[in-house]
Structure formats: structure tokens, C-alpha cells
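A.B. asks: File start_16.cif follows (mmCIF, C-alpha atoms):
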data_upload
#
loop_
_atom_site.label_atom_id
_atom_site.label_comp_id
_atom_site.auth_asym_id
_atom_site.auth_seq_id
_atom_site.Cartn_x
_atom_site.Cartn_y
_atom_site.Cartn_z
CA MET J 29 122.20 -99.24 -8.37
CA GLY J 30 125.21 -99.52 -6.06
CA THR J 31 127.49 -97.91 -8.63
CA LEU J 32 124.88 -95.29 -9.51
CA LEU J 33 125.10 -94.08 -5.91
CA ASN J 34 128.61 -92.85 -6.76
CA ASN J 35 127.05 -90.48 -9.27
CA GLU J 36 126.35 -87.03 -7.82
CA LEU J 37 123.54 -86.18 -10.23
CA PHE J 38 121.84 -89.49 -9.53
CA VAL J 39 122.07 -89.05 -5.75
CA LEU J 40 120.80 -85.47 -5.97
CA THR J 41 117.80 -86.47 -8.08
CA LEU J 42 117.07 -89.50 -5.90
CA VAL J 43 117.18 -87.55 -2.61
CA ILE J 44 115.03 -84.69 -3.90
CA GLY J 45 112.55 -87.20 -5.36
CA ILE J 46 112.25 -89.09 -2.06
CA TYR J 47 111.93 -85.78 -0.19
CA LEU J 48 109.08 -84.62 -2.45
CA GLY J 49 107.30 -87.95 -2.05
CA ALA J 50 107.67 -87.92 1.74
CA SER J 51 106.52 -84.27 1.96
CA PHE J 52 103.45 -85.18 -0.10
CA ILE J 53 102.57 -88.06 2.26
CA TYR J 54 103.10 -85.77 5.29
CA LYS J 55 100.83 -83.04 3.91
CA LYS J 56 98.09 -85.50 2.95
CA SER J 57 98.17 -87.42 6.24
CA LYS J 58 98.61 -84.36 8.53
CA LEU J 59 100.26 -86.69 11.08
CA ALA J 60 103.18 -85.20 13.02
CA LEU J 61 104.69 -88.68 13.31
CA LEU J 62 105.05 -88.89 9.53
CA HIS J 63 107.44 -85.93 9.42
CA PRO J 64 109.29 -86.19 6.08
CA LEU J 65 112.77 -86.24 7.65
CA PRO J 66 112.61 -89.62 9.48
CA LEU J 67 110.72 -91.09 6.53
CA CYS J 68 113.38 -89.94 4.01
CA ILE J 69 116.21 -91.09 6.26
CA GLY J 70 114.57 -94.50 6.70
CA ILE J 71 114.02 -95.01 2.97
CA LEU J 72 117.59 -93.94 2.12
CA ILE J 73 119.18 -96.14 4.78
CA LEU J 74 117.14 -99.03 3.40
CA ILE J 75 118.36 -98.31 -0.15
CA LEU J 76 122.00 -98.01 0.96
CA THR J 77 121.80 -101.21 3.00
CA LEU J 78 120.17 -103.20 0.19
CA THR J 79 122.78 -102.03 -2.33
CA HIS J 80 125.69 -102.52 0.11
CA THR J 81 126.69 -98.87 -0.27
CA ASP J 82 128.58 -97.35 2.65
CA TYR J 83 127.69 -93.98 4.17
CA THR J 84 130.91 -92.28 3.01
CA THR J 85 130.00 -92.91 -0.62
CA PHE J 86 126.51 -91.49 -0.13
CA LYS J 87 127.87 -88.50 1.80
CA LYS J 88 130.23 -87.64 -1.05
CA GLY J 89 127.41 -87.91 -3.59
CA SER J 90 125.03 -85.76 -1.56
CA HIS J 91 127.43 -83.01 -0.50
CA MET J 92 125.61 -80.39 -2.59
CA ILE J 93 122.47 -80.84 -0.46
CA ASP J 94 124.52 -80.86 2.72
CA PHE J 95 126.17 -77.59 1.67
CA MET J 96 122.78 -75.82 1.66
CA LEU J 97 122.48 -76.22 5.45
CA GLY J 98 124.81 -73.28 6.08
CA PRO J 99 122.92 -70.78 3.88
CA ALA J 100 119.62 -72.04 5.37
CA VAL J 101 120.75 -71.19 8.91
CA VAL J 102 121.92 -67.74 7.76
CA ALA J 103 118.47 -67.19 6.21
CA LEU J 104 116.90 -67.62 9.67
CA GLY J 105 118.35 -64.16 10.40
CA LEU J 106 115.45 -62.75 8.36
CA ILE J 107 112.90 -64.44 10.66
CA LEU J 108 114.75 -63.06 13.66
CA TYR J 109 114.61 -59.54 12.20
CA GLU J 110 110.93 -59.68 11.21
CA GLN J 111 109.83 -61.00 14.62
CA TYR J 112 112.11 -58.64 16.52
CA GLU J 113 110.27 -55.66 15.04
CA HIS J 114 107.02 -56.94 16.63
CA VAL J 115 108.27 -57.68 20.12
CA LYS J 116 110.86 -54.92 20.67
CA LYS J 117 109.19 -53.75 23.90
CA ASN J 118 109.18 -57.27 25.41
CA ILE J 119 112.66 -58.19 24.25
CA VAL J 120 114.35 -58.10 27.69
CA SER J 121 111.86 -60.49 29.29
CA ILE J 122 111.99 -62.73 26.21
CA LEU J 123 115.80 -62.94 26.33
CA VAL J 124 115.76 -63.79 30.05
CA THR J 125 113.11 -66.46 29.45
CA ILE J 126 114.96 -68.07 26.55
CA PHE J 127 118.19 -68.00 28.54
CA ALA J 128 116.45 -69.89 31.37
CA GLY J 129 114.93 -72.31 28.86
CA ALA J 130 118.19 -73.00 27.03
CA LEU J 131 120.16 -73.49 30.26
CA SER J 132 117.56 -75.75 31.90
CA GLY J 133 117.26 -77.75 28.68
CA ILE J 134 121.02 -78.33 28.35
CA LEU J 135 121.52 -79.17 32.03
CA SER J 136 118.50 -81.47 32.32
CA VAL J 137 119.17 -83.50 29.19
CA GLY J 138 122.91 -83.77 29.88
CA GLY J 139 122.44 -84.43 33.60
CA ILE J 140 119.82 -87.15 33.20
CA ALA J 141 121.74 -88.89 30.40
CA TRP J 142 124.89 -88.80 32.56
CA LEU J 143 123.05 -90.25 35.57
CA LEU J 144 121.73 -93.05 33.35
CA GLY J 145 125.29 -93.90 32.34
CA ALA J 146 125.55 -92.29 28.89
CA ASP J 147 129.09 -91.59 27.70
CA ARG J 148 130.43 -88.28 26.39
CA VAL J 149 129.56 -88.93 22.72
CA ILE J 150 125.90 -89.52 23.59
CA ILE J 151 125.80 -86.49 25.92
CA GLU J 152 127.24 -84.22 23.20
CA THR J 153 124.71 -85.68 20.77
CA LEU J 154 121.86 -84.84 23.16
CA LEU J 155 122.85 -81.36 24.43
CA PRO J 156 121.43 -79.39 21.47
CA LYS J 157 118.20 -81.45 21.36
CA SER J 158 115.84 -78.44 21.83
CA VAL J 159 117.37 -76.49 18.97
CA THR J 160 116.21 -76.31 15.36
CA THR J 161 117.90 -79.13 13.38
CA PRO J 162 120.42 -77.20 11.22
CA ILE J 163 121.88 -75.41 14.24
CA ALA J 164 121.77 -78.56 16.39
CA ILE J 165 123.74 -80.46 13.73
CA GLY J 166 126.48 -77.81 13.71
CA ILE J 167 126.81 -77.82 17.50
CA SER J 168 126.76 -81.62 17.79
CA GLU J 169 129.45 -81.98 15.10
CA ARG J 170 131.77 -79.42 16.68
CA PHE J 171 131.77 -81.02 20.13
CA GLY J 172 132.13 -84.63 19.03
CA GLY J 173 128.50 -85.79 19.03
CA LEU J 174 126.87 -87.83 16.27
CA PRO J 175 125.15 -85.25 14.03
CA GLY J 176 122.97 -87.87 12.30
CA LEU J 177 121.60 -89.08 15.62
CA THR J 178 121.17 -85.48 16.82
CA ALA J 179 119.05 -84.71 13.75
CA VAL J 180 116.71 -87.61 14.44
CA ILE J 181 116.45 -86.88 18.19
CA VAL J 182 115.66 -83.23 17.44
CA VAL J 183 112.79 -84.22 15.14
CA LEU J 184 111.42 -86.69 17.70
CA VAL J 185 111.66 -84.02 20.43
CA GLY J 186 109.70 -81.70 18.13
CA VAL J 187 107.00 -84.31 17.55
CA PHE J 188 106.72 -85.12 21.28
CA GLY J 189 106.84 -81.48 22.43
CA GLY J 190 104.43 -80.42 19.70
CA ILE J 191 101.87 -83.00 20.85
CA ILE J 192 102.09 -82.56 24.64
CA GLY J 193 102.98 -78.83 24.67
CA PRO J 194 99.50 -77.29 24.50
CA TYR J 195 98.12 -79.69 27.18
CA LEU J 196 101.10 -79.19 29.49
CA LEU J 197 100.88 -75.38 29.24
CA LYS J 198 97.15 -75.51 29.98
CA LYS J 199 97.75 -77.74 33.02
CA LEU J 200 100.38 -75.29 34.32
CA GLY J 201 97.91 -72.41 33.98
CA ILE J 202 99.92 -70.56 31.33
CA THR J 203 97.46 -68.21 29.65
CA SER J 204 99.79 -65.50 28.30
CA ARG J 205 99.90 -65.79 24.52
CA VAL J 206 103.55 -64.68 24.40
CA ALA J 207 104.48 -67.30 27.02
CA GLN J 208 102.65 -70.03 25.11
CA GLY J 209 104.32 -69.14 21.81
CA LEU J 210 107.79 -68.91 23.38
CA ALA J 211 107.40 -72.25 25.15
CA MET J 212 106.24 -74.05 22.01
CA GLY J 213 109.11 -72.65 19.92
CA ALA J 214 111.77 -73.20 22.59
CA GLY J 215 110.61 -76.68 23.58
CA ALA J 216 109.60 -78.13 20.23
CA HIS J 217 111.15 -75.84 17.52
CA GLY J 218 109.64 -76.24 14.01
CA LEU J 219 106.93 -78.71 14.99
CA GLY J 220 106.11 -76.65 18.08
CA MET J 221 105.66 -73.66 15.80
CA THR J 222 103.19 -75.58 13.62
CA ARG J 223 101.11 -76.28 16.75
CA ALA J 224 101.55 -72.71 18.05
CA ILE J 225 100.10 -71.37 14.79
CA GLU J 226 97.00 -73.46 15.53
CA LEU J 227 96.72 -71.73 18.92
CA GLY J 228 96.78 -68.30 17.25
CA ALA J 229 98.73 -65.87 15.06
CA VAL J 230 100.55 -64.20 17.99
CA GLU J 231 101.60 -67.56 19.42
CA GLY J 232 102.81 -68.69 15.98
CA ALA J 233 104.91 -65.60 15.30
CA ILE J 234 106.44 -65.59 18.78
CA SER J 235 107.32 -69.29 18.52
CA GLY J 236 109.33 -68.52 15.35
CA LEU J 237 111.34 -65.96 17.29
CA ALA J 238 111.81 -68.46 20.14
CA ILE J 239 113.25 -71.07 17.75
CA VAL J 240 115.94 -68.72 16.44
CA LEU J 241 116.82 -67.25 19.85
CA MET J 242 116.97 -70.72 21.40
CA GLY J 243 119.44 -71.74 18.68
CA LEU J 244 121.59 -68.67 19.25
CA MET J 245 121.54 -68.97 23.06
CA THR J 246 122.29 -72.71 23.01
CA ALA J 247 125.17 -72.21 20.56
CA ILE J 248 126.69 -69.78 23.08
CA LEU J 249 125.95 -71.87 26.21
CA ILE J 250 127.13 -75.31 25.04
CA PRO J 251 130.81 -74.26 24.63
CA ILE J 252 130.70 -72.98 28.23
CA VAL J 253 129.09 -76.20 29.50
CA ASN J 254 131.79 -78.15 27.63
CA LEU J 255 134.51 -76.09 29.23
CA ILE J 256 133.10 -76.99 32.65
CA MET J 257 132.73 -80.69 31.73
CA ASP J 258 136.38 -80.76 30.62
CA LEU J 259 137.39 -79.77 34.14
CA PHE J 260 136.06 -83.05 35.53
CA MET B 21 120.62 -62.82 -7.26
CA PRO B 22 121.82 -60.05 -4.89
CA GLY B 23 119.97 -61.95 -2.16
CA VAL B 24 121.94 -65.13 -2.84
CA PHE B 25 125.16 -63.10 -2.76
CA ILE B 26 124.25 -61.49 0.57
CA ILE B 27 123.42 -64.84 2.21
CA LEU B 28 126.65 -66.45 0.96
CA LEU B 29 128.68 -63.41 2.02
CA MET B 30 127.23 -63.55 5.55
CA LEU B 31 128.04 -67.26 5.73
CA LEU B 32 131.58 -66.59 4.53
CA LEU B 33 132.08 -63.86 7.16
CA GLY B 34 130.48 -66.10 9.78
CA ASN B 35 132.81 -68.99 8.94
CA GLY B 36 135.79 -66.63 9.12
CA LEU B 37 134.80 -65.33 12.56
CA SER B 38 134.00 -68.87 13.68
CA SER B 39 137.49 -70.15 12.89
CA ALA B 40 138.92 -67.08 14.63
CA ILE B 41 137.25 -68.28 17.85
CA ASN B 42 138.33 -71.88 17.27
CA GLY B 43 134.93 -72.89 15.87
CA ILE B 44 133.16 -72.96 19.23
CA ILE B 45 130.11 -71.30 17.64
CA PRO B 46 129.13 -72.61 14.16
CA GLY B 47 129.90 -70.16 11.31
CA SER B 48 126.32 -70.43 10.06
CA VAL B 49 124.95 -69.25 13.43
CA ILE B 50 127.34 -66.27 13.42
CA GLY B 51 126.30 -65.60 9.80
CA MET B 52 122.67 -65.58 10.93
CA ALA B 53 123.47 -63.03 13.64
CA LEU B 54 125.38 -60.91 11.10
CA LEU B 55 122.43 -60.97 8.71
CA PHE B 56 120.14 -59.89 11.56
CA LEU B 57 122.48 -57.00 12.45
CA ALA B 58 122.78 -55.95 8.79
CA LEU B 59 118.96 -55.85 8.53
CA LEU B 60 118.61 -54.01 11.85
CA SER B 61 121.13 -51.34 10.87
CA LYS B 62 119.33 -50.98 7.48
CA ILE B 63 122.47 -51.87 5.51
CA ILE B 64 120.33 -54.54 3.84
CA LYS B 65 116.63 -54.24 3.02
CA PRO B 66 114.52 -57.32 3.86
CA GLU B 67 113.08 -57.31 0.31
CA MET B 68 116.56 -58.03 -1.05
CA ILE B 69 116.79 -61.44 0.58
CA ARG B 70 113.14 -62.42 1.07
CA LYS B 71 112.97 -64.70 -1.99
CA PRO B 72 116.11 -66.83 -1.51
CA ALA B 73 115.67 -66.86 2.29
CA GLY B 74 112.08 -68.05 1.96
CA TYR B 75 113.17 -70.81 -0.40
CA LEU B 76 115.93 -71.98 1.95
CA ILE B 77 113.68 -71.93 5.03
CA ASN B 78 110.74 -73.68 3.36
CA HIS B 79 112.87 -76.59 2.19
CA MET B 80 115.08 -76.84 5.24
CA SER B 81 114.14 -80.50 5.92
CA LEU B 82 115.70 -81.52 2.60
CA PHE B 83 119.10 -80.20 3.66
CA PHE B 84 119.23 -82.37 6.82
CA ILE B 85 118.79 -85.62 4.94
CA PRO B 86 122.49 -86.37 4.18
CA VAL B 87 123.43 -85.80 7.83
CA GLY B 88 120.43 -87.79 9.03
CA VAL B 89 121.37 -90.80 6.93
CA GLY B 90 124.58 -90.82 9.00
CA LEU B 91 122.37 -92.47 11.61
CA MET B 92 123.24 -95.75 9.89
CA THR B 93 126.76 -95.52 11.31
CA ALA B 94 125.46 -95.18 14.87
CA TRP B 95 123.37 -98.35 15.43
CA ASP B 96 125.72 -99.81 18.08
CA LEU B 97 125.66 -96.66 20.20
CA ILE B 98 121.88 -96.36 19.88
CA ALA B 99 121.41 -100.01 20.83
CA SER B 100 123.41 -99.58 24.04
CA HIS B 101 122.07 -96.11 24.98
CA TRP B 102 118.47 -95.95 23.76
CA LEU B 103 116.99 -95.77 27.25
CA SER B 104 119.11 -92.85 28.44
CA ILE B 105 118.49 -91.05 25.13
CA ILE B 106 114.70 -91.39 25.36
CA VAL B 107 114.33 -90.67 29.09
CA SER B 108 116.61 -87.62 29.08
CA SER B 109 115.03 -86.16 25.90
CA VAL B 110 111.46 -86.63 27.11
CA VAL B 111 112.04 -85.22 30.62
CA SER B 112 114.16 -82.35 29.33
CA THR B 113 111.54 -81.38 26.74
CA VAL B 114 108.90 -81.15 29.48
CA VAL B 115 111.37 -79.06 31.54
CA VAL B 116 111.99 -76.60 28.69
CA LEU B 117 108.28 -76.17 27.90
CA ALA B 118 107.46 -75.60 31.59
CA VAL B 119 110.41 -73.31 32.40
CA VAL B 120 109.89 -71.07 29.36
CA GLY B 121 106.12 -70.85 29.86
CA LEU B 122 106.32 -70.16 33.59
CA VAL B 123 109.24 -67.70 33.53
CA GLN B 124 107.71 -65.63 30.75
CA GLN B 125 104.28 -65.50 32.43
CA LYS B 126 105.81 -64.52 35.79
CA MET B 127 107.82 -61.70 34.19
CA GLU B 128 104.77 -60.33 32.40
CA LYS B 129 102.72 -60.16 35.61
CA LYS B 130 105.34 -58.05 37.42
#
How does the structure come out when it is put into C-alpha cells?
C.D. replies:
Amino acid sequence: MGTLLNNELFVLTLVIGIYLGASFIYKKSKLALLHPLPLCIGILILILTLTHTDYTTFKKGSHMIDFMLGPAVVALGLILYEQYEHVKKNIVSILVTIFAGALSGILSVGGIAWLLGADRVIIETLLPKSVTTPIAIGISERFGGLPGLTAVIVVLVGVFGGIIGPYLLKKLGITSRVAQGLAMGAGAHGLGMTRAIELGAVEGAISGLAIVLMGLMTAILIPIVNLIMDLF
Amino acid sequence: MPGVFIILLMLLLGNGLSSAINGIIPGSVIGMALLFLALLSKIIKPEMIRKPAGYLINHMSLFFIPVGVGLMTAWDLIASHWLSIIVSSVVSTVVVLAVVGLVQQKMEKK
């Protein structure tokens, strides 16, 4: 099997097969913890380790899948457009809110990690943690983080935020449906959106908008934060 | 097919603009903004891209897998930094949820 992992067609078929299997388990179990991404990553790492295949070989074989990330992010522009039409009149307050969320997210995760002794690679890996995975990967890669680790952290943040989000918002007395949807999308991206849809249609739609805006805002803010970090 | 062309074209333009600004914002994110602007200015109709865009968005998780497997090259760093990673991510997620919820609600009440 080790040599087969050099074969692009084999890798493509294998990865899609594992993905379909993991998605099936996720849908049947309805458990946020069984998100297909960590499951697929775990299974593939196990296969690579058992066959003594290094990551570079696998990366070469799977580059067609990797390539699709770019077009997938571009496609999010459609979500942005469709949601924008619904919330035009609230757009100023939404932009201010997401700006506050993106900035507080970047500063808190970076600041706490720094205080706990994390080095620059780990900080760069963590900075985009509240952003939808494909955008987070791009940011992490550009500023010297570990994109693979970023992807996993982002999913775990989504699981955690998706679970505690509704309780936390209730505790804080947040009753506005727009505020609830924005918080779930900004704090827990895709998984937050799944939970926001359970709260209601308005919350679900707004959370989709929050995910995309959070990605855009964070992509603009992180280069500035890096510029400041370089000064020290 | 025109939808696929439009998405690839936006990505291409986004990558071009991204390298013009030294890559500080990923080309795909710029491409996303360009697609949004093209839809907003009615240069492109949403129907033209709905099918390929829906396909890409629905199967997004699949496209992260190759990058995610890269985790296997990071064990040493994770082993020495797991505590700071977990604490900072958990606290910061609570911060984002609270800040966004509270700021938005405050602004609506004004």
C-alpha cells in the first residue's frame, strides 16, 4: 500500500472514500464531536504511519483535493451576497460588531498563548482560530503558522463554541435574534451555524453572514497585528 | 460550466491582486470579495454560479483533509504547547461569543 500512496488516482479515491464514510457516521450519530474532518485526518494519519509513508508523498498525491480549497473560498462570496440582501439596513452595526469580535478574538488568543509561553509559530497557528477553516488555513500558511494544526484547532473551536454558545448567550441575557446568530457564526463558524439554525431561521441565516465577514475581517486584521508584533 | 469559469476567474484575479500586495491577504479571500462585488453590481447573476458554488460549499470539509493530515508533522510542537493552545482557544472563543453578542445587542437598543 505504501507504493500505492504515490499514485494520485489511488489517493484521490481513498480520501474521497474515507470522507464519505466519515460523513455517513457523522450524519447517523448527530454528534458534533464526530465531525468528519478530525475523523478523516485521524484515519489517514494512521494509514500513513502504518505504511511508513511520509507526509510529502501524501501531499503530492492529494494536491487535486487541496487545489479545490481556493475555489471553495471564492464560492463563499455567493453566501455573502445572498445574506447581504437580507440585512442591508443593519449592515453598519453588523460590521462594527464583527470588527469588535475579530479584534478581540485575535488579541485574546494571541495574548493568552504568549503569556503561557507559546512561541511565534504556535501564535500564528492560533490567530485565525475563529475563522472558517479554508480561510484560516490560508492565513496561517502565509504568516508561518502550521496550517494542519490550525485546521484541527478551528474544528475543535467550532465544536466547543457550538456546544456552549447557546447557553452562554442565554446567561448573558442576549435575546436579539440577530445578535445570537452573529455570535454563533463569529465564535464557532460552520458548527456554530448548525446550532444557530436550530435556534431559528433568522439566527441561521445571520450566522452564515457572520462566518464570511469574520473571515474577511480577520484576513485584513492579522497582517496589521503581525506588523505590530514584528516591531517587538 | 460558465459558473465554474467565473469562480476560477475570480480566484485567478484574487491571486494576482494578492501577489501585488505581497500576499498579505490570501488570493482566495480577495476572490471571494470580487465575486461578491460582481454579484452586487449585477455583472454576474447568482443563478449562474449557484450550482458549482453549492457543490463547493457543501463538500468543503473534504478539501481541508490534505492540509489537516499535515498535523502529523507537528506532534513535537503540540506535545510542548498543548496547554497554551487549549487554554487560549477556549478562553478566546468565549470572548468572541460574548463580545459579538453584547456589542450587537447594545447597538440595536440605541
A.B. asks: Starting from the shown file, work through the PyMOL selection byres ((chain J and resi 228-233) around 7) and note down what comes out as a list in words.
C.D. replies: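 So the PyMOL selection byres ((chain J and resi 228-233) around 7) ends up selecting Gln111, Arg205, Val206, Gln208, Gly209, Met221, Ala224, Ile225, Glu226, Leu227, Ile234, Ser235, Gly236 and Leu237 of chain J.
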A.B. asks: Env of stretch 118-130 of chain J: 6 Å cut, atoms = all atoms listed in the file, seq-sep filter 3 positions within chain, self excluded. Answer as a PDB file with C-alpha atoms, in the coordinates of the input.
C.D. replies:
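Saved to around-v4.pdb:
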ATOM      1  CA  VAL J 115     108.270 -57.680  20.120  1.00  0.00           C
ATOM      2  CA  GLY J 133     117.260 -77.750  28.680  1.00  0.00           C
ATOM      3  CA  THR J 246     122.290 -72.710  23.010  1.00  0.00           C
TER       4      THR J 246
ATOM      5  CA  VAL B 116     111.990 -76.600  28.690  1.00  0.00           C
ATOM      6  CA  VAL B 119     110.410 -73.310  32.400  1.00  0.00           C
ATOM      7  CA  VAL B 120     109.890 -71.070  29.360  1.00  0.00           C
ATOM      8  CA  VAL B 123     109.240 -67.700  33.530  1.00  0.00           C
ATOM      9  CA  GLN B 124     107.710 -65.630  30.750  1.00  0.00           C
TER      10      GLN B 124
END
A.B. asks: Applying 7 Å and only C-alpha atoms, which residues near stretch 51-60 of chain J remain after dropping the ones on its own chain fewer than 4 positions away? List them as a ChimeraX atom specification.
C.D. replies: /J:47,64,187
A.B. asks: Output C-alpha atoms for every residue in that selection, as an mmCIF file, in the coordinates of the input.
C.D. replies:
data_model
loop_
_atom_site.group_PDB
_atom_site.id
_atom_site.type_symbol
_atom_site.label_atom_id
_atom_site.label_comp_id
_atom_site.auth_asym_id
_atom_site.auth_seq_id
_atom_site.Cartn_x
_atom_site.Cartn_y
_atom_site.Cartn_z
ATOM 1 C CA TYR J 47 111.930 -85.780 -0.190
ATOM 2 C CA PRO J 64 109.290 -86.190 6.080
ATOM 3 C CA VAL J 187 107.000 -84.310 17.550
#
A.B. asks: Using only C-alpha atoms, find the residues of chain B whose closest atom to chain J is at most 6 Å away, then write them as a ChimeraX atom specification.
C.D. replies: /B:45-46,48,51-52,55-56,73,76-77,83,87-91,104,108-109,112-113,116-117,119-121,123-125
A.B. asks: Using Å and a single decimal, report how far atom CA of J:Gly218 sits from atom CA of B:Lys62.
C.D. replies: 27.8 Å
A.B. asks: Show me the residues around (122.5, -62.6, -4.3) - criterion: an atom at most 12 Å away, only C-alpha atoms counted - as a list in words.
C.D. replies: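 These residues have at least one counted atom within 12 Å: Pro99 of chain J; Met21, Pro22, Gly23, Val24, Phe25, Ile26, Ile27, Leu28, Leu29, Met30, Ile64, Glu67, Met68, Ile69, Arg70, Lys71, Pro72 and Ala73 of chain B.
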A.B. asks: Can you measure atom CA of B:Lys126 to atom CA of J:His217 for me? One decimal in Å is fine.
C.D. replies: 22.1 Å
A.B. asks: Nearest residue to B:Leu82 out of J:Thr41, J:Thr79, J:Thr85, J:Asn34, using only C-alpha atoms?
C.D. replies: J:Thr41
A.B. asks: Atom CA of J:Pro156 and atom CA of B:Thr93, how far apart in Å?
C.D. replies: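 Separating atom CA of B:Thr93 from atom CA of J:Pro156 is a distance of 19.8 Å.
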A.B. asks: Could you work out an axis-aligned bounding box for all listed atoms of stretch 249-253 of chain J, with 4 Å added on each of the six sides, and give its centre and edge lengths in Å to one decimal, as JSON?
C.D. replies:
{"center_x": 128.4, "center_y": -74.0, "center_z": 27.1, "size_x": 12.9, "size_y": 12.3, "size_z": 12.9}
A.B. asks: Using all atoms listed in the file, pick whichever of J:Ile191, J:His80, J:Ile239, J:Gly220 has the shortest atom-to-atom distance to J:Val159.
C.D. replies: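 Result for the nearest residue to J:Val159: J:Ile239.
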